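A.B. asks: Got a file for you: run36.cif, mmCIF, C-alpha atoms.
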data_final
loop_
_atom_site.label_atom_id
_atom_site.label_comp_id
_atom_site.auth_asym_id
_atom_site.auth_seq_id
_atom_site.Cartn_x
_atom_site.Cartn_y
_atom_site.Cartn_z
CA MET A 1 39.19 27.87 -31.41
CA LYS A 2 37.35 26.19 -28.59
CA GLN A 3 36.77 22.52 -28.87
CA PRO A 4 33.23 21.28 -28.42
CA LEU A 5 32.39 19.68 -25.08
CA THR A 6 32.96 15.96 -24.94
CA GLY A 7 30.21 13.53 -24.04
CA ARG A 8 31.73 12.63 -20.69
CA TYR A 9 32.08 16.29 -19.63
CA GLN A 10 28.48 17.03 -20.62
CA MET A 11 27.36 14.05 -18.56
CA CYS A 12 29.23 15.35 -15.48
CA VAL A 13 27.66 18.79 -15.85
CA MET A 14 24.18 17.24 -16.15
CA LEU A 15 24.71 15.05 -13.07
CA ARG A 16 25.81 18.05 -11.00
CA LYS A 17 22.63 19.88 -11.96
CA ILE A 18 20.51 16.86 -11.09
CA TYR A 19 22.16 16.47 -7.67
CA LEU A 20 21.65 20.18 -6.98
CA VAL A 21 17.94 19.89 -7.80
CA MET A 22 17.61 16.78 -5.62
CA ASP A 23 19.25 18.56 -2.69
CA LEU A 24 16.85 21.48 -3.09
CA MET A 25 13.90 19.07 -3.16
CA ASN A 26 15.07 17.46 0.09
CA ILE A 27 15.36 20.88 1.74
CA VAL A 28 11.84 21.82 0.63
CA GLU A 29 10.43 18.48 1.86
CA LYS A 30 11.97 19.01 5.28
CA ALA A 31 10.69 22.58 5.45
CA PHE A 32 7.11 21.57 4.67
CA ALA A 33 7.12 18.44 6.82
CA ASN A 34 4.29 18.33 9.30
CA GLU A 35 5.50 18.66 12.90
CA LYS A 36 2.59 16.52 14.09
CA VAL A 37 3.96 13.47 12.29
CA SER A 38 7.01 13.38 14.52
CA LYS A 39 4.69 13.29 17.56
CA TYR A 40 2.87 10.17 16.33
CA PRO A 41 3.92 6.89 17.98
CA SER A 42 5.89 4.50 15.82
CA PHE A 43 3.71 1.61 14.70
CA LYS A 44 3.77 -1.11 12.07
CA ALA A 45 1.45 -3.62 10.43
CA GLY A 46 -0.40 -5.74 12.98
CA ASP A 47 -0.60 -3.05 15.63
CA THR A 48 -3.96 -1.85 16.92
CA VAL A 49 -4.27 1.93 16.81
CA THR A 50 -6.94 4.52 17.47
CA VAL A 51 -6.94 7.39 15.00
CA THR A 52 -8.80 10.51 16.11
CA TYR A 53 -9.96 12.20 12.93
CA ARG A 54 -11.48 15.67 12.57
CA ILE A 55 -14.71 15.66 10.53
CA LYS A 56 -16.36 18.81 9.26
CA GLU A 57 -20.15 18.72 8.97
CA GLY A 58 -21.53 21.97 7.70
CA ASP A 59 -20.10 24.66 9.96
CA LYS A 60 -19.35 22.29 12.87
CA ASP A 61 -16.24 20.26 13.56
CA ARG A 62 -16.28 17.02 15.51
CA LEU A 63 -13.72 14.36 16.38
CA GLN A 64 -14.32 10.73 15.43
CA LYS A 65 -12.22 7.83 16.69
CA PHE A 66 -11.42 4.96 14.33
CA ARG A 67 -9.91 1.97 16.13
CA GLY A 68 -8.58 -0.97 14.19
CA VAL A 69 -5.62 -3.04 13.04
CA VAL A 70 -2.99 -1.49 10.77
CA ILE A 71 -2.93 -3.59 7.59
CA GLN A 72 -0.19 -1.77 5.73
CA ILE A 73 2.05 1.28 5.68
CA LYS A 74 2.74 2.52 2.18
CA GLY A 75 4.74 5.33 0.60
CA ALA A 76 8.36 6.30 0.23
CA THR A 77 8.44 10.00 1.06
CA PRO A 78 6.82 11.63 4.09
CA GLN A 79 4.42 13.50 1.79
CA THR A 80 3.08 10.32 0.17
CA LYS A 81 3.18 7.99 3.17
CA THR A 82 -0.17 6.45 4.11
CA PHE A 83 -1.42 3.72 6.41
CA THR A 84 -4.52 1.53 6.18
CA VAL A 85 -6.57 0.65 9.26
CA ARG A 86 -9.17 -2.14 9.27
CA LYS A 87 -11.94 -2.74 11.77
CA ILE A 88 -15.07 -4.85 11.95
CA ALA A 89 -18.23 -2.76 12.31
CA SER A 90 -21.44 -4.78 12.91
CA GLY A 91 -20.05 -7.82 11.12
CA VAL A 92 -18.72 -5.94 8.09
CA GLY A 93 -15.05 -5.18 7.52
CA VAL A 94 -14.30 -1.48 7.12
CA GLU A 95 -10.94 -0.19 5.90
CA ARG A 96 -9.80 3.39 5.88
CA ILE A 97 -6.66 4.90 4.39
CA PHE A 98 -5.07 7.76 6.30
CA PRO A 99 -2.27 9.97 4.95
CA PHE A 100 0.40 10.69 7.56
CA GLN A 101 0.50 14.36 6.50
CA SER A 102 -3.26 14.87 6.79
CA PRO A 103 -4.17 18.01 8.74
CA PHE A 104 -7.41 16.29 9.79
CA ILE A 105 -5.67 13.69 11.96
CA ASP A 106 -5.88 14.99 15.52
CA SER A 107 -3.97 12.16 17.23
CA ILE A 108 -2.89 8.55 16.87
CA GLU A 109 -2.84 6.29 19.91
CA LEU A 110 -1.09 2.91 19.96
CA ASN A 111 -3.31 0.40 21.80
CA LYS A 112 -1.67 -2.99 21.19
CA VAL A 113 1.54 -4.15 19.58
CA GLY A 114 0.79 -7.09 17.30
CA LYS A 115 3.08 -9.99 16.48
CA VAL A 116 3.04 -10.57 12.71
CA ARG A 117 5.63 -11.68 10.19
CA ARG A 118 4.48 -9.65 7.22
CA ALA A 119 4.57 -5.96 6.34
CA ARG A 120 1.19 -6.12 4.60
CA ILE A 121 -1.34 -8.40 6.23
CA TYR A 122 -4.00 -8.66 3.53
CA TYR A 123 -4.81 -12.20 4.64
CA LEU A 124 -6.92 -10.71 7.46
CA ARG A 125 -9.56 -9.80 4.87
CA LYS A 126 -10.37 -13.48 4.29
CA LEU A 127 -10.45 -14.42 7.98
CA SER A 128 -13.34 -13.93 10.36
CA GLY A 129 -14.08 -14.53 14.02
CA LYS A 130 -11.35 -15.86 16.27
CA LYS A 131 -9.12 -16.68 13.29
CA ALA A 132 -8.79 -12.97 12.56
CA ARG A 133 -7.14 -12.25 15.90
CA ILE A 134 -3.50 -11.18 16.01
CA LYS A 135 -1.22 -12.34 18.79
CA GLU A 136 -0.15 -9.55 21.08
CA LYS A 137 3.54 -8.95 21.60
CA LYS A 138 4.42 -8.76 25.26
CA VAL A 139 6.06 -5.39 25.83
CA SER A 140 7.55 -4.72 29.24
CA LEU A 141 7.26 -1.05 30.03
CA LEU A 142 8.96 -0.14 33.27
CA SER A 143 7.55 2.95 34.82
CA GLU A 144 9.50 5.03 37.29
CA GLU A 145 7.46 3.68 40.19
CA GLY A 146 7.93 0.06 39.13
CA ALA A 147 11.67 0.51 38.67
CA ASN A 148 12.10 2.06 42.13
CA ALA A 149 9.97 -0.48 44.01
CA PRO A 150 12.37 -3.49 43.81
CA ALA A 151 15.35 -1.31 44.77
CA GLU A 152 13.71 -0.26 48.04
CA ALA A 153 12.80 -3.80 49.13
#
Reformat the file's structure so that it appears as structure tokens.

C.D. replies:
Amino acid sequence: MKQPLTGRYQMCVMLRKIYLVMDLMNIVEKAFANEKVSKYPSFKAGDTVTVTYRIKEGDKDRLQKFRGVVIQIKGATPQTKTFTVRKIASGVGVERIFPFQSPFIDSIELNKVGKVRRARIYYLRKLSGKKARIKEKKVSLLSEEGANAPAEA
């Protein structure tokens, strides 16, 4: 006679099945990942970006640029990751949420790198005028021409 499975053995079998399913989910996520996302520049909250977004009006497509400050980046997986951009349009604050995986995003351009201490800068919503400015982080980008110039002199 066979003995019934013990509780510990059943638990091990269940865990193996769960890990197998999780591995399959990771493989599927990588397969369906958008290649455009890897081409986007890396940015964080406080940075100023320009998002070129494809808008469909009737049978025509046009590109619209939305330039503003990144308030937050939210989401754990690449499929659910979003970022919120805020700008001031004629004295009124406008926020827009963009999914990273959106096929309508044509390009993202990093304009300024901001110096902030928080990952979500909601306090910008209450500020106006010069108080709403974010300090710019000084980034030294050495181009090939600039790097060669001191060596020649």

A.B. asks: What separation in Å, quoted to one decimal, exists between CA of Lys135 in chain A and CA of Val113 in chain A?

C.D. replies: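 CA of Lys135 in chain A sits 8.7 Å away from CA of Val113 in chain A.
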
A.B. asks: In Å, how far is it from CA of Arg96 in chain A to CA of Lys138 in chain A?

C.D. replies: 26.9 Å

A.B. asks: Kindly compute an axis-aligned box around the listed atoms of range 72-79 of chain A, allowing 5 Å on each side, and express its centre and edge lengths in Å to one decimal as AutoDock Vina command-line options.

C.D. replies:
--center_x 4.1 --center_y 5.9 --center_z 3.0 --size_x 18.6 --size_y 25.3 --size_z 15.5

A.B. asks: I'd like to know which of A:Pro41, A:Gly93, A:Pro103, A:Gly75 is closest to Ile55 in chain A, using only C-alpha atoms.

C.D. replies: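 Closest to Ile55 in chain A of all the choices is A:Pro103.
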
A.B. asks: Can you tell me how far CA of Arg67 in chain A sits from CA of Arg118 in chain A, in Å to one decimal?

C.D. replies: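 Computing the Euclidean distance for CA of Arg67 in chain A and CA of Arg118 in chain A yields 20.5 Å.
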
A.B. asks: For this file, the PyMOL selection byres ((chain A and resi 47) around 9) selects which residues, as a ChimeraX atom specification?

C.D. replies: /A:43-46,48-49,68-71,110-116,134,136

A.B. asks: List as a VMD selection string the protein and nucleic acid residues near Ala132 in chain A, meaning an atom at most 12 Å away when only C-alpha atoms are counted, but skip any in the same chain fewer than 3 places from it.

C.D. replies: chain A and resid 46 69 86 to 88 93 121 to 129 135

A.B. asks: Sort by chain and increasing residue number a table of all residues of range 53-95 of chain A within 12 Å of range 13-28 of chain A, each with its closest pair of atoms and their distance in Å to one decimal, counting only C-alpha atoms, and write it as a tab-separated table.

C.D. replies:
residue	atom	partner	partner_atom	distance
A:Thr77	CA	A:Asn26	CA	10.0
A:Pro78	CA	A:Asn26	CA	10.9
A:Gln79	CA	A:Val28	CA	11.2

A.B. asks: Kindly indicate which residue among A:Gln72, A:Tyr40, A:Thr52, A:Phe66 lies nearest to Phe100 in chain A, using only C-alpha atoms for the distances.

C.D. replies: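 Checking each of A:Gln72, A:Tyr40, A:Thr52, A:Phe66 against Phe100 in chain A, counting only C-alpha atoms, the winner is A:Tyr40.
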
A.B. asks: Taking (-13.6, 14.9, 16.5) in the file's coordinates as the center, which residues reach within 8 Å of it, counting all atoms listed in the file, put as a list in words?

C.D. replies: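 These residues have at least one counted atom within 8 Å: Thr52, Tyr53, Arg54, Ile55, Asp61, Arg62, Leu63, Gln64, Lys65 and Asp106 of chain A.
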
A.B. asks: Nearest to Glu109 in chain A among A:Ser42, A:Gln10, A:Thr50, A:Thr82, with distances taken over all atoms listed in the file: which residue is it?

C.D. replies: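 Of all the options, A:Thr50 lies closest to Glu109 in chain A.
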